[in-house]
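S.K.: Structure provided below as structure tokens; questions to follow.
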Amino acid sequence: MNYQSTRNRCWTVSSTRAVLEGIAPDGGLYISRDLLQADFDWRSLLEEDTFTMSRRILSALLPDFDDMGELVQRGYAGKFESDELTPLVKVGDRYVLELFHGPTSAFKDVALSILPQLITAARQSEGVSGDTVILTATSGDTGKAALEGFRDVPGTRIIVFYPEGGVSAVQQAQMVTQEGRNVCVCAVRGNFDDAQTGVKNIFAQCAGMDLGGARLSSANSINIGRLAPQVVYYFKAYADLVHAGRIRVGDKVHFVVPTGNFGDILAGYFAKLLGLPVGRLVCASNANDVLTEFISTGRYNKCRPFYKTISPSMDILVSSNLERLLYLLCGDEKYVASLMEQLAATGSYQIHDEMLAKLQALFSCGCCNDETAEKTIGKVWAKEHYLCDPHTAVAWTVADQFMAQQTDKAPVVVLSTASPYKFPAAVLQALGRKPDENEFAMMEQLRRATGVSVPKGLAQLQNKSVLHRDVIDREDMLSYVLKKVGEAQW
Ligand SMILES: *Cc1c(COP(=O)(O)O)cnc(C)c1O
């Protein structure tokens, strides 16, 4: 399976190269059209343990990596609460796929625990000697998960940019207390899109530039090495439903996915392309409902108010991974490039009807504002005694909308992307409690109110010292990176 740029089919690279570069030199994303004809023995996979599933799926998607089993071991062994990685829990009339049992209590751990291993292996097979510098913009969760994943990994350094005031206090504390000799964390005055656009511009400007032997790469879900590991939990959830006797092999399952950059849900589409009987992929958005409009009408329009919501990891107006889906749906890189040009120039584009029909044949959508998400958290706690975080609550609410229209009996799996303890203020509010001033006191307050235990990594945060204090304007991101890369020691 080779990878092409979504904007230029002639730009073909190996999977190791694609992981190492993160983004194609023309600004496109790496994708493989071979996915559309994948011949993958997924049935035999259902009997395997999660590590074996990971090894086989990753080897299928990223065939140029040797020893994938070893990379999976190093990436995951002992880092999650259990080696099952992502448990499926029955809650009321649906299933919740809990993706937040990794080291930083966010679903991004699933990919970012193993991405550093993939990058290290790719460095070796591509004969890279200088440092690989990971640049990442984060809306809150990616940053910490990436820092933790790359911390002290030889041959790598990582710089994380987050929007000042745009992440929760717990998320910020997680990042600014990060230890490690190769890590750097910096706030940007602006929102997540500003930070992400800044990072993309740096990649564009530094293509071909000599950075003292160092090369830039990305840990955002624009890197195919981020997406591939996420495909695994769709299979794992399906296998769990088979083993629980809820479905038979071959039956459909619907997945409702809280979405921001369209990475998590795109991984679900990859699972479907590999043969998994995925029913509808339901795209759940918060008040930043750019994807709801897009899937409903075919018009993508980022010129709209930007809302800061209680589900900040989905406060995104430019959904990067959509570009991969567009390319897979139409196979016409010139058309994709023209849409992306329109987006950059005018802030919007409209896809043609044939493509919209293809899109709607696969994806459903829905959105939910903060008030409704809070009500959902309260309702699910009262009715099911299950505590969900605001992102999961968005997906739960959209699953309600979806199930009200759905007539088949196929199970519905709601993807749960964060521990409720990462967003204690919103969760307490939703339970009708007045949150304390301090987010750490809130965690304890939430624990007392619910009896749900606090994840270890979050409980220990309070006692850690702040190690990163930089704050810059978005115009200064490039010079900041150049300065940092030039420093021998951080
Ligand atoms: C990143 C994130 C999402 C959105 O995932 P995408 O891959 O960007 O669609 C949802 N919930 C949480 C908690 C996240 O951190």
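Just remember, in the structure tokens the first chain shown is A, the second B, etc., residues are 1-based per chain, and ligands are 1-based in the order shown.
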Got a sec to check which residues lie within 8 Å of ligand 1, using only C-alpha atoms and all ligand atoms, and send them as a list in words?

M.R.: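 If we count only C-alpha atoms and all ligand atoms, the neighbours of ligand 1 turn out to be Ala106, Phe107, Lys108, Ser139, Gly140, Asp141, Thr142, Ser221, Val257, Pro258, Thr259, Gly260, Asn261, Phe262, Gly263, Asp264, Ile265, Leu266, Ser311, Pro312, Ser313, Met314, Ser319, His391, Thr392, Ser416, Thr417, Ala418 and Ser419 of chain A.
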
S.K.: Leaving out Ala271 in chain A and any residue of its chain fewer than 3 positions from it, which residues lie within 8 Å of it when counting only C-alpha atoms, given as a VMD selection string?

M.R.: chain A and resid 231 to 232 234 to 235 267 to 268 274 to 276 278

S.K.: Output all heavy atoms of each residue in that selection to a file, as a compact mmCIF listing (two decimals), in the first residue's frame.

M.R.:
```txt
# COMPACT_ATOMS: atom_id res chain seq x y z
N VAL A 231 -8.04 2.82 13.91
CA VAL A 231 -8.92 1.90 13.20
C VAL A 231 -9.20 0.67 14.08
O VAL A 231 -10.27 0.06 14.03
CB VAL A 231 -8.27 1.48 11.86
CG1 VAL A 231 -9.11 0.44 11.14
CG2 VAL A 231 -8.04 2.71 10.98
N VAL A 232 -8.22 0.36 14.93
CA VAL A 232 -8.26 -0.89 15.69
C VAL A 232 -9.48 -0.97 16.61
O VAL A 232 -10.15 -2.01 16.69
CB VAL A 232 -6.96 -1.05 16.51
CG1 VAL A 232 -7.00 -2.32 17.35
CG2 VAL A 232 -5.75 -1.05 15.58
N TYR A 234 -12.44 0.10 16.40
CA TYR A 234 -13.70 -0.24 15.75
C TYR A 234 -13.83 -1.78 15.65
O TYR A 234 -14.89 -2.34 15.90
CB TYR A 234 -13.79 0.40 14.37
CG TYR A 234 -14.04 1.90 14.43
CD1 TYR A 234 -12.98 2.81 14.49
CD2 TYR A 234 -15.34 2.41 14.47
CE1 TYR A 234 -13.21 4.18 14.55
CE2 TYR A 234 -15.58 3.78 14.54
CZ TYR A 234 -14.50 4.65 14.58
OH TYR A 234 -14.74 6.01 14.66
N PHE A 235 -12.73 -2.42 15.29
CA PHE A 235 -12.73 -3.89 15.21
C PHE A 235 -12.90 -4.50 16.60
O PHE A 235 -13.62 -5.47 16.78
CB PHE A 235 -11.43 -4.38 14.57
CG PHE A 235 -11.39 -4.18 13.08
CD1 PHE A 235 -10.90 -3.01 12.54
CD2 PHE A 235 -11.87 -5.17 12.23
CE1 PHE A 235 -10.87 -2.82 11.16
CE2 PHE A 235 -11.84 -4.99 10.85
CZ PHE A 235 -11.34 -3.80 10.32
N ALA A 267 -11.26 7.17 10.79
CA ALA A 267 -10.72 5.84 11.12
C ALA A 267 -11.84 4.79 11.04
O ALA A 267 -11.61 3.65 10.63
CB ALA A 267 -10.09 5.85 12.50
N GLY A 268 -13.05 5.18 11.41
CA GLY A 268 -14.21 4.28 11.29
C GLY A 268 -14.49 3.95 9.83
O GLY A 268 -14.86 2.82 9.49
N LEU A 274 -11.83 -1.71 5.21
CA LEU A 274 -11.12 -2.97 5.43
C LEU A 274 -12.10 -4.14 5.57
O LEU A 274 -11.68 -5.27 5.80
CB LEU A 274 -10.24 -2.88 6.68
CG LEU A 274 -8.98 -2.00 6.57
CD1 LEU A 274 -8.22 -1.97 7.90
CD2 LEU A 274 -8.06 -2.47 5.45
N GLY A 275 -13.37 -3.88 5.49
CA GLY A 275 -14.36 -4.96 5.47
C GLY A 275 -15.29 -5.01 6.66
O GLY A 275 -16.31 -5.71 6.63
N LEU A 276 -15.00 -4.30 7.73
CA LEU A 276 -15.84 -4.38 8.92
C LEU A 276 -17.26 -3.91 8.58
O LEU A 276 -17.43 -2.88 7.93
CB LEU A 276 -15.25 -3.49 10.04
CG LEU A 276 -15.87 -3.71 11.42
CD1 LEU A 276 -15.45 -5.05 12.01
CD2 LEU A 276 -15.48 -2.57 12.38
N VAL A 278 -19.58 -1.94 9.17
CA VAL A 278 -19.98 -0.70 9.83
C VAL A 278 -21.28 -0.24 9.18
O VAL A 278 -21.37 -0.17 7.96
CB VAL A 278 -18.89 0.37 9.65
CG1 VAL A 278 -19.35 1.73 10.15
CG2 VAL A 278 -17.60 -0.06 10.35
```

S.K.: For the strand (DSSP E or B) assignment from backbone DSSP, which residues of range 112-354 of chain A qualify? Please present them as a PyMOL selection string.

M.R.: chain A and resi 132-137+156-163+183-189+211+214-218+253-258+278-285+299-301+348-350

S.K.: Just C-alpha atoms for this one: save the residues we selected as a PDB file, in the first residue's frame.

M.R.:
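Dumped everything to result20.pdb:
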```pdb
ATOM      1  CA  THR A 132      12.799  14.634  14.014  1.00  0.00           C
ATOM      2  CA  VAL A 133      11.023  17.666  15.462  1.00  0.00           C
ATOM      3  CA  ILE A 134       7.338  17.078  16.083  1.00  0.00           C
ATOM      4  CA  LEU A 135       5.204  20.195  15.742  1.00  0.00           C
ATOM      5  CA  THR A 136       1.711  20.003  17.085  1.00  0.00           C
ATOM      6  CA  ALA A 137      -1.211  22.342  17.539  1.00  0.00           C
ATOM      7  CA  THR A 156      12.871  13.186  18.532  1.00  0.00           C
ATOM      8  CA  ARG A 157      11.903  16.544  19.978  1.00  0.00           C
ATOM      9  CA  ILE A 158       8.406  17.905  20.347  1.00  0.00           C
ATOM     10  CA  ILE A 159       6.953  21.429  20.335  1.00  0.00           C
ATOM     11  CA  VAL A 160       3.304  21.820  21.320  1.00  0.00           C
ATOM     12  CA  PHE A 161       1.261  24.985  20.681  1.00  0.00           C
ATOM     13  CA  TYR A 162      -2.053  25.464  22.464  1.00  0.00           C
ATOM     14  CA  PRO A 163      -4.526  28.365  22.295  1.00  0.00           C
ATOM     15  CA  VAL A 183       9.686  18.666  25.147  1.00  0.00           C
ATOM     16  CA  CYS A 184       8.577  22.277  24.652  1.00  0.00           C
ATOM     17  CA  VAL A 185       5.118  23.755  25.325  1.00  0.00           C
ATOM     18  CA  CYS A 186       3.992  27.235  24.233  1.00  0.00           C
ATOM     19  CA  ALA A 187       0.683  29.132  24.383  1.00  0.00           C
ATOM     20  CA  VAL A 188      -0.479  31.096  21.335  1.00  0.00           C
ATOM     21  CA  ARG A 189      -2.705  34.183  21.553  1.00  0.00           C
ATOM     22  CA  LEU A 211      16.975  23.327   9.923  1.00  0.00           C
ATOM     23  CA  ALA A 214      16.554  18.487  11.832  1.00  0.00           C
ATOM     24  CA  ARG A 215      13.295  17.664  10.052  1.00  0.00           C
ATOM     25  CA  LEU A 216       9.792  18.611  10.997  1.00  0.00           C
ATOM     26  CA  SER A 217       6.977  16.129  11.387  1.00  0.00           C
ATOM     27  CA  SER A 218       3.471  16.197  12.778  1.00  0.00           C
ATOM     28  CA  VAL A 253     -23.107  -1.894  13.859  1.00  0.00           C
ATOM     29  CA  HIS A 254     -23.636   1.887  13.919  1.00  0.00           C
ATOM     30  CA  PHE A 255     -21.014   4.171  15.423  1.00  0.00           C
ATOM     31  CA  VAL A 256     -21.637   7.670  16.765  1.00  0.00           C
ATOM     32  CA  VAL A 257     -18.425   9.678  16.907  1.00  0.00           C
ATOM     33  CA  PRO A 258     -17.791  13.038  18.599  1.00  0.00           C
ATOM     34  CA  VAL A 278     -19.982  -0.698   9.829  1.00  0.00           C
ATOM     35  CA  GLY A 279     -23.554   0.580   9.461  1.00  0.00           C
ATOM     36  CA  ARG A 280     -23.896   4.341   9.679  1.00  0.00           C
ATOM     37  CA  LEU A 281     -21.027   6.522  10.795  1.00  0.00           C
ATOM     38  CA  VAL A 282     -22.728   9.313  12.699  1.00  0.00           C
ATOM     39  CA  CYS A 283     -20.767  12.538  12.926  1.00  0.00           C
ATOM     40  CA  ALA A 284     -21.544  14.372  16.175  1.00  0.00           C
ATOM     41  CA  SER A 285     -20.620  18.053  16.523  1.00  0.00           C
ATOM     42  CA  ARG A 299     -21.558  23.135   1.620  1.00  0.00           C
ATOM     43  CA  TYR A 300     -18.509  23.581   3.817  1.00  0.00           C
ATOM     44  CA  ASN A 301     -18.440  27.067   5.298  1.00  0.00           C
ATOM     45  CA  SER A 348     -16.150  27.931   1.866  1.00  0.00           C
ATOM     46  CA  TYR A 349     -16.806  25.428  -0.910  1.00  0.00           C
ATOM     47  CA  GLN A 350     -19.678  23.336  -2.220  1.00  0.00           C
TER      48      GLN A 350
END
```

S.K.: Could you tell me how far CA of Ala146 in chain A lies from CA of Ala77 in chain A, in Å and to one decimal?

M.R.: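 Answer for the CA of Ala146 in chain A to CA of Ala77 in chain A separation: 17.0 Å.
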
S.K.: Report the distance between CA of Phe203 in chain A and CA of Asp26 in chain A in Å, rounded to one decimal place.

M.R.: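 About the pair CA of Phe203 in chain A and CA of Asp26 in chain A: they are 9.9 Å apart.
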
S.K.: Might you pull out every residue within 12 Å of Asn463 in chain A, with only C-alpha atoms counted and same-chain residues fewer than 2 positions away left off, and present them as a PyMOL selection string?

M.R.: chain A and resi 173-174+177+440+457-461+465-466
